[in-house]
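Coordinates as given in query-v4.txt (compact mmCIF, C-alpha atoms and all ligand atoms):
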```txt
# COMPACT_ATOMS: atom_id res chain seq x y z
CA MET G 28 129.62 -64.58 37.30
CA LEU G 29 130.43 -68.30 37.46
CA LYS G 30 133.65 -68.70 39.43
CA THR G 31 135.56 -71.29 37.41
CA VAL G 32 138.73 -73.31 38.03
CA VAL G 33 140.36 -75.07 35.06
CA CYS G 34 142.53 -78.17 35.67
CA VAL G 35 145.19 -79.04 33.09
CA SER G 36 148.16 -81.37 32.59
CA GLY G 37 149.82 -80.44 29.32
CA GLY G 38 149.68 -78.14 26.34
CA GLY G 39 146.54 -76.35 27.40
CA THR G 40 145.04 -75.80 23.94
CA ASN G 41 141.57 -76.38 25.43
CA LEU G 42 142.37 -73.85 28.16
CA GLN G 43 143.39 -71.44 25.39
CA ALA G 44 140.08 -72.03 23.57
CA ILE G 45 138.26 -71.15 26.81
CA LEU G 46 140.37 -68.02 27.39
CA ASP G 47 139.80 -66.90 23.77
CA ALA G 48 136.05 -67.47 24.09
CA VAL G 49 135.90 -65.42 27.30
CA GLU G 50 137.93 -62.69 25.58
CA ASP G 51 135.76 -62.56 22.43
CA GLY G 52 132.48 -62.76 24.38
CA SER G 53 131.35 -66.19 23.19
CA ILE G 54 131.54 -67.29 26.83
CA THR G 55 129.73 -64.88 29.15
CA ASN G 56 129.18 -64.80 32.92
CA VAL G 57 132.43 -66.69 33.62
CA LYS G 58 135.50 -65.66 35.58
CA ILE G 59 138.50 -68.00 35.44
CA GLU G 60 139.74 -67.83 39.05
CA ALA G 61 142.69 -70.21 38.82
CA VAL G 62 144.37 -72.89 36.73
CA ILE G 63 145.52 -76.03 38.55
CA SER G 64 148.15 -78.31 37.01
CA ASN G 65 149.78 -81.54 38.18
CA ASN G 66 152.72 -80.81 35.88
CA ALA G 67 155.14 -77.97 36.60
CA GLY G 68 156.26 -77.94 32.96
CA ALA G 69 152.76 -77.66 31.51
CA LYS G 70 152.56 -75.03 28.80
CA ALA G 71 149.04 -74.47 30.13
CA LEU G 72 150.52 -72.77 33.24
CA GLN G 73 152.32 -70.34 30.96
CA ARG G 74 149.05 -69.61 29.17
CA ALA G 75 147.42 -68.89 32.56
CA GLU G 76 150.24 -66.54 33.53
CA ASN G 77 150.02 -64.73 30.17
CA ASN G 78 146.37 -64.02 31.03
CA GLY G 79 147.05 -62.90 34.60
CA ILE G 80 145.37 -66.01 36.06
CA PRO G 81 146.98 -67.64 39.13
CA GLY G 82 148.53 -71.03 38.38
CA ILE G 83 148.61 -73.64 41.15
CA LEU G 84 150.76 -76.77 41.10
CA MET G 85 149.16 -79.88 42.68
CA ALA G 86 151.17 -83.01 41.83
CA PRO G 87 150.60 -86.47 43.35
CA LYS G 88 154.36 -87.05 43.29
CA ASP G 89 154.87 -84.23 45.82
CA TYR G 90 152.84 -86.16 48.46
CA PRO G 91 153.79 -89.29 50.43
CA ASP G 92 150.79 -91.22 49.07
CA ARG G 93 147.71 -90.81 46.92
CA GLU G 94 145.38 -90.35 49.88
CA SER G 95 147.29 -87.33 51.20
CA PHE G 96 147.35 -85.84 47.69
CA ASN G 97 143.59 -86.39 47.40
CA VAL G 98 142.99 -84.65 50.74
CA ALA G 99 145.25 -81.69 49.86
CA PHE G 100 143.76 -81.36 46.37
CA THR G 101 140.19 -81.40 47.73
CA GLU G 102 141.07 -78.87 50.45
CA GLU G 103 142.66 -76.55 47.87
CA MET G 104 139.55 -76.79 45.71
CA CYS G 105 137.32 -76.04 48.72
CA ARG G 106 139.50 -73.01 49.50
CA LEU G 107 139.00 -71.75 45.93
CA ALA G 108 135.27 -72.60 46.18
CA PRO G 109 134.50 -72.58 42.44
CA ASP G 110 131.00 -72.77 40.99
CA LEU G 111 132.41 -74.83 38.11
CA ILE G 112 135.49 -77.03 37.69
CA VAL G 113 136.59 -77.70 34.10
CA LEU G 114 138.91 -80.65 33.40
CA ALA G 115 140.62 -79.51 30.21
CA GLY G 116 143.11 -82.28 29.53
CA PHE G 117 143.61 -83.11 33.22
CA LEU G 118 145.10 -86.57 33.52
CA VAL G 119 144.64 -87.11 37.27
CA LYS G 120 141.62 -88.98 38.62
CA ILE G 121 139.38 -86.64 40.62
CA PRO G 122 139.13 -87.77 44.27
CA GLU G 123 135.71 -89.18 45.17
CA GLU G 124 135.37 -86.70 48.03
CA MET G 125 135.84 -83.82 45.57
CA VAL G 126 133.22 -85.32 43.22
CA ARG G 127 130.78 -85.47 46.18
CA ARG G 128 131.49 -81.92 47.32
CA PHE G 129 131.24 -80.47 43.81
CA ASP G 130 128.48 -82.75 42.59
CA GLY G 131 127.12 -81.54 39.24
CA ARG G 132 129.75 -78.81 39.03
CA ILE G 133 132.65 -80.67 37.38
CA ILE G 134 132.87 -81.18 33.60
CA ASN G 135 135.45 -82.99 31.47
CA ILE G 136 136.41 -83.02 27.79
CA HIS G 137 137.33 -86.44 26.38
CA PRO G 138 138.75 -86.92 22.87
CA SER G 139 136.42 -89.69 21.64
CA LEU G 140 132.72 -90.47 21.27
CA ILE G 141 132.01 -91.96 24.72
CA PRO G 142 131.37 -94.87 25.40
CA SER G 143 133.96 -95.77 22.75
CA PHE G 144 137.68 -95.38 23.49
CA CYS G 145 137.34 -94.16 27.07
CA GLY G 146 138.02 -95.30 30.62
CA VAL G 147 141.27 -96.39 32.25
CA GLY G 148 144.27 -96.08 29.91
CA TYR G 149 142.46 -93.92 27.35
CA TYR G 150 143.85 -90.40 27.48
CA GLY G 151 145.53 -87.88 25.18
CA LEU G 152 147.28 -89.33 22.12
CA LYS G 153 146.64 -92.92 23.27
CA VAL G 154 142.95 -92.51 22.42
CA HIS G 155 143.76 -91.65 18.81
CA GLU G 156 146.32 -94.49 18.54
CA LYS G 157 143.59 -96.96 19.60
CA VAL G 158 141.06 -95.40 17.20
CA LEU G 159 143.48 -95.88 14.28
CA GLU G 160 144.41 -99.42 15.42
CA ARG G 161 140.72 -100.39 15.48
CA GLY G 162 140.11 -98.80 12.10
CA VAL G 163 136.94 -96.90 12.99
CA LYS G 164 135.90 -94.32 10.39
CA VAL G 165 134.30 -91.77 12.71
CA THR G 166 135.57 -90.51 16.05
CA GLY G 167 135.04 -87.21 17.88
CA ALA G 168 134.89 -85.63 21.32
CA THR G 169 132.54 -85.60 24.31
CA VAL G 170 131.88 -83.11 27.09
CA HIS G 171 130.33 -84.68 30.18
CA PHE G 172 129.67 -84.10 33.85
CA VAL G 173 132.09 -85.96 36.11
CA ASN G 174 130.91 -88.64 38.54
CA GLU G 175 132.91 -91.22 40.54
CA GLY G 176 133.50 -93.36 37.43
CA MET G 177 136.10 -92.85 34.72
CA ASP G 178 134.49 -91.02 31.73
CA GLU G 179 131.09 -92.30 32.91
CA GLY G 180 129.19 -89.15 33.91
CA PRO G 181 126.13 -87.73 32.12
CA ILE G 182 126.92 -86.56 28.57
CA ILE G 183 126.40 -82.88 27.76
CA ALA G 184 127.45 -82.80 24.10
CA GLN G 185 129.29 -84.78 21.44
CA LYS G 186 130.67 -83.95 18.02
CA ALA G 187 131.74 -86.45 15.38
CA VAL G 188 134.95 -86.10 13.35
CA THR G 189 135.90 -88.15 10.26
CA VAL G 190 139.02 -90.32 10.38
CA GLU G 191 140.91 -89.75 7.13
CA GLU G 192 143.07 -92.06 5.03
CA GLY G 193 146.71 -91.69 6.09
CA ASP G 194 145.90 -90.15 9.50
CA THR G 195 148.57 -90.41 12.19
CA PRO G 196 147.62 -90.19 15.88
CA GLU G 197 148.93 -86.62 15.82
CA SER G 198 147.00 -85.51 12.71
CA LEU G 199 143.81 -87.09 14.07
CA GLN G 200 144.32 -85.52 17.50
CA HIS G 201 144.67 -82.12 15.90
CA ARG G 202 141.51 -82.54 13.76
CA VAL G 203 139.49 -83.74 16.79
CA MET G 204 140.68 -80.75 18.80
CA GLU G 205 140.05 -78.20 16.05
CA GLN G 206 136.68 -79.52 14.84
CA ALA G 207 135.27 -80.77 18.15
CA GLU G 208 137.04 -80.03 21.45
CA TRP G 209 137.80 -76.32 21.00
CA VAL G 210 134.19 -75.82 19.87
CA LEU G 211 132.27 -78.02 22.34
CA LEU G 212 134.04 -77.12 25.56
CA PRO G 213 133.55 -73.31 25.37
CA GLN G 214 129.92 -73.85 24.24
CA ALA G 215 129.25 -76.14 27.21
CA ILE G 216 130.78 -73.69 29.68
CA ASP G 217 128.69 -70.83 28.26
CA ALA G 218 125.55 -72.98 28.41
CA ILE G 219 126.18 -73.85 32.08
CA ALA G 220 127.11 -70.27 33.00
CA ASN G 221 123.90 -68.98 31.49
CA GLY G 222 121.63 -71.60 33.04
CA ARG G 223 120.82 -73.51 29.83
CA ILE G 224 122.36 -76.78 31.06
CA SER G 225 122.59 -78.44 34.46
CA VAL G 226 122.55 -81.93 35.89
CA GLN G 227 119.87 -83.37 38.18
CA ASP G 228 119.66 -86.92 39.55
CA GLY G 229 122.44 -88.03 37.21
CA LYS G 230 120.67 -86.70 34.10
CA VAL G 231 121.52 -83.62 32.03
CA ARG G 232 118.76 -81.01 31.98
CA CYS G 233 118.78 -78.79 28.90
CA VAL G 234 116.63 -75.70 28.78
CA ARG G 235 117.75 -75.47 25.15
CA ARG G 236 119.95 -77.97 23.30
CA MET G 237 123.49 -76.68 22.99
CA GLU G 238 123.50 -76.59 19.19
CA GLU G 239 120.37 -74.39 19.24
CA ALA G 240 121.92 -71.94 21.67
C1 LIG T 301 142.81 -83.15 24.89
O1 LIG T 301 142.72 -83.84 23.68
C2 LIG T 301 141.79 -83.67 25.89
O2 LIG T 301 140.58 -84.03 25.29
C3 LIG T 301 142.52 -84.89 26.42
O3 LIG T 301 143.85 -84.45 26.59
C4 LIG T 301 144.14 -83.46 25.59
C5 LIG T 301 144.73 -82.25 26.27
O4 LIG T 301 145.16 -81.29 25.33
N1 LIG T 301 141.91 -85.35 27.63
C6 LIG T 301 141.84 -86.64 27.96
O5 LIG T 301 142.33 -87.52 27.29
C7 LIG T 301 141.10 -86.93 29.26
N2 LIG T 301 140.78 -88.32 29.35
P1 LIG T 301 145.37 -79.77 25.73
O6 LIG T 301 146.24 -79.74 26.99
O7 LIG T 301 146.10 -79.18 24.56
O8 LIG T 301 144.03 -79.14 25.96
```
I'd like the structure from this file rewritten - as structure tokens, please.
Amino acid sequence: MLKTVVCVSGGGTNLQAILDAVEDGSITNVKIEAVISNNAGAKALQRAENNGIPGILMAPKDYPDRESFNVAFTEEMCRLAPDLIVLAGFLVKIPEEMVRRFDGRIINIHPSLIPSFCGVGYYGLKVHEKVLERGVKVTGATVHFVNEGMDEGPIIAQKAVTVEEGDTPESLQHRVMEQAEWVLLPQAIDAIANGRISVQDGKVRCVRRMEEA
């Protein structure tokens, strides 16, 4: 069983997709040990509680400076000792020390086709606002391993989504979630938990491509 910690900041619809996939058996070999949030009001914490999963609050604003938050956050993660950390809409940069300690064991979902519309300042609804401003016709989502950079780690899987005439940031966000994020993230977790995907020397190793799984 892959001991997994999910980190969240907001609504937690990706967390819900993971919980549903564990429940219906499309993710196997995974136990969600805890959900960590930087936001006490996150609906995601409620979703964790509804599923009997411990919720842990770790907010930078509760610490005197970023360094002490980073130390406390890394220590908490080491205490939990997960095999896999899933960033499911987690809007806090992962401390470099945590990336080193959990090298190759942290994955993130990003709501665009990386390397477009990613990096500093691109998160949540803002990504879809920028996509519409630029007028691109295709967007999507990406699951990737996390390294020290921002949205720069090795890519596990991507799925394209069409931008439609009259889209608002909200309608586009919902389509990207429904058609890409809620599909890709559970598939990636199942692939890692069952040894079909790993990362070595900064490159993703696939025993079988995810879409063939
Ligand atoms: C999701 O769209 C996720 O891809 C995005 O935040 C949203 C969280 O929604 N993550 C990022 O932008 C990370 N850079 P959720 O809380 O309903 O899963």
- Near-Gly151 of chain G list (9 Å; only C-alpha atoms; drop same-chain fewer than 6 positions) as a ChimeraX atom specification: /G:116,118,137-138,200
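Across the structure, atom CA of Val32 of chain G and atom CA of Ile112 of chain G are spaced 4.9 Å apart.
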- Message: With all atoms listed in the file as the counted atoms, please give the residues lying no more than 12 Å from Gln73 of chain G, apart from itself and same-chain residues fewer than 4 positions off, as JSON, numbers by chain.
- Response: {"G": [35, 36, 37, 38, 39, 40, 42, 43, 62, 63, 64, 66, 67, 68, 69, 77, 78, 79, 80, 81, 82, 83]}
- Message: Counting only C-alpha atoms and all ligand atoms, what are the residues, protein, DNA or RNA alike, that approach ligand LIG 301 (chain T) to within 10 Å? I want them as a VMD selection string.
- Response: chain G and resid 34 to 45 69 to 71 114 to 120 135 to 139 144 to 155 167 to 170 177 to 178 200 to 201 203 to 205 207 to 209 212
- Nearest candidate to Val231 of chain G (options G:Ala75, G:Ile54, G:Ile183, G:Ala215; using all atoms listed in the file): G:Ile183
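Closest approach to Ile121 of chain G from the set G:Leu199, G:Val226, G:Val98, G:Ile141 is made by G:Val98, with distances taken over only C-alpha atoms.
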- Expressed in Å, the length from atom CA of Ala61 of chain G to atom CA of Ile134 of chain G is 15.6 Å
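Among G:Asn174, G:Asp47, G:Val188, G:Pro213, the residue with the shortest atom-to-atom distance to Gly229 of chain G, counting all atoms listed in the file, is G:Asn174.
Between Gly176 of chain G and the residues G:Glu123, G:Glu60, G:Asp194, G:Glu94, the shortest atom-to-atom distance, using all atoms listed in the file, involves G:Glu123.
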- Check the smallest atom-to-atom distance from each of G:Pro87, G:Ile133, G:Ser95, G:Gln227 to Pro109 of chain G using all atoms listed in the file, then report the winner. G:Ile133
- Find, counting all atoms listed in the file, the residue in G:Asp110, G:Asp228, G:Asp130, G:Glu102 that gets nearest to Lys58 of chain G. G:Asp110
- Task: Do a neighbour search on Lys164 of chain G at 8 Å with only C-alpha atoms, toss out local chain neighbours closer than 4 positions, and write the hits as a list in words.
- Result: Thr189, Val190 and Glu191 of chain G
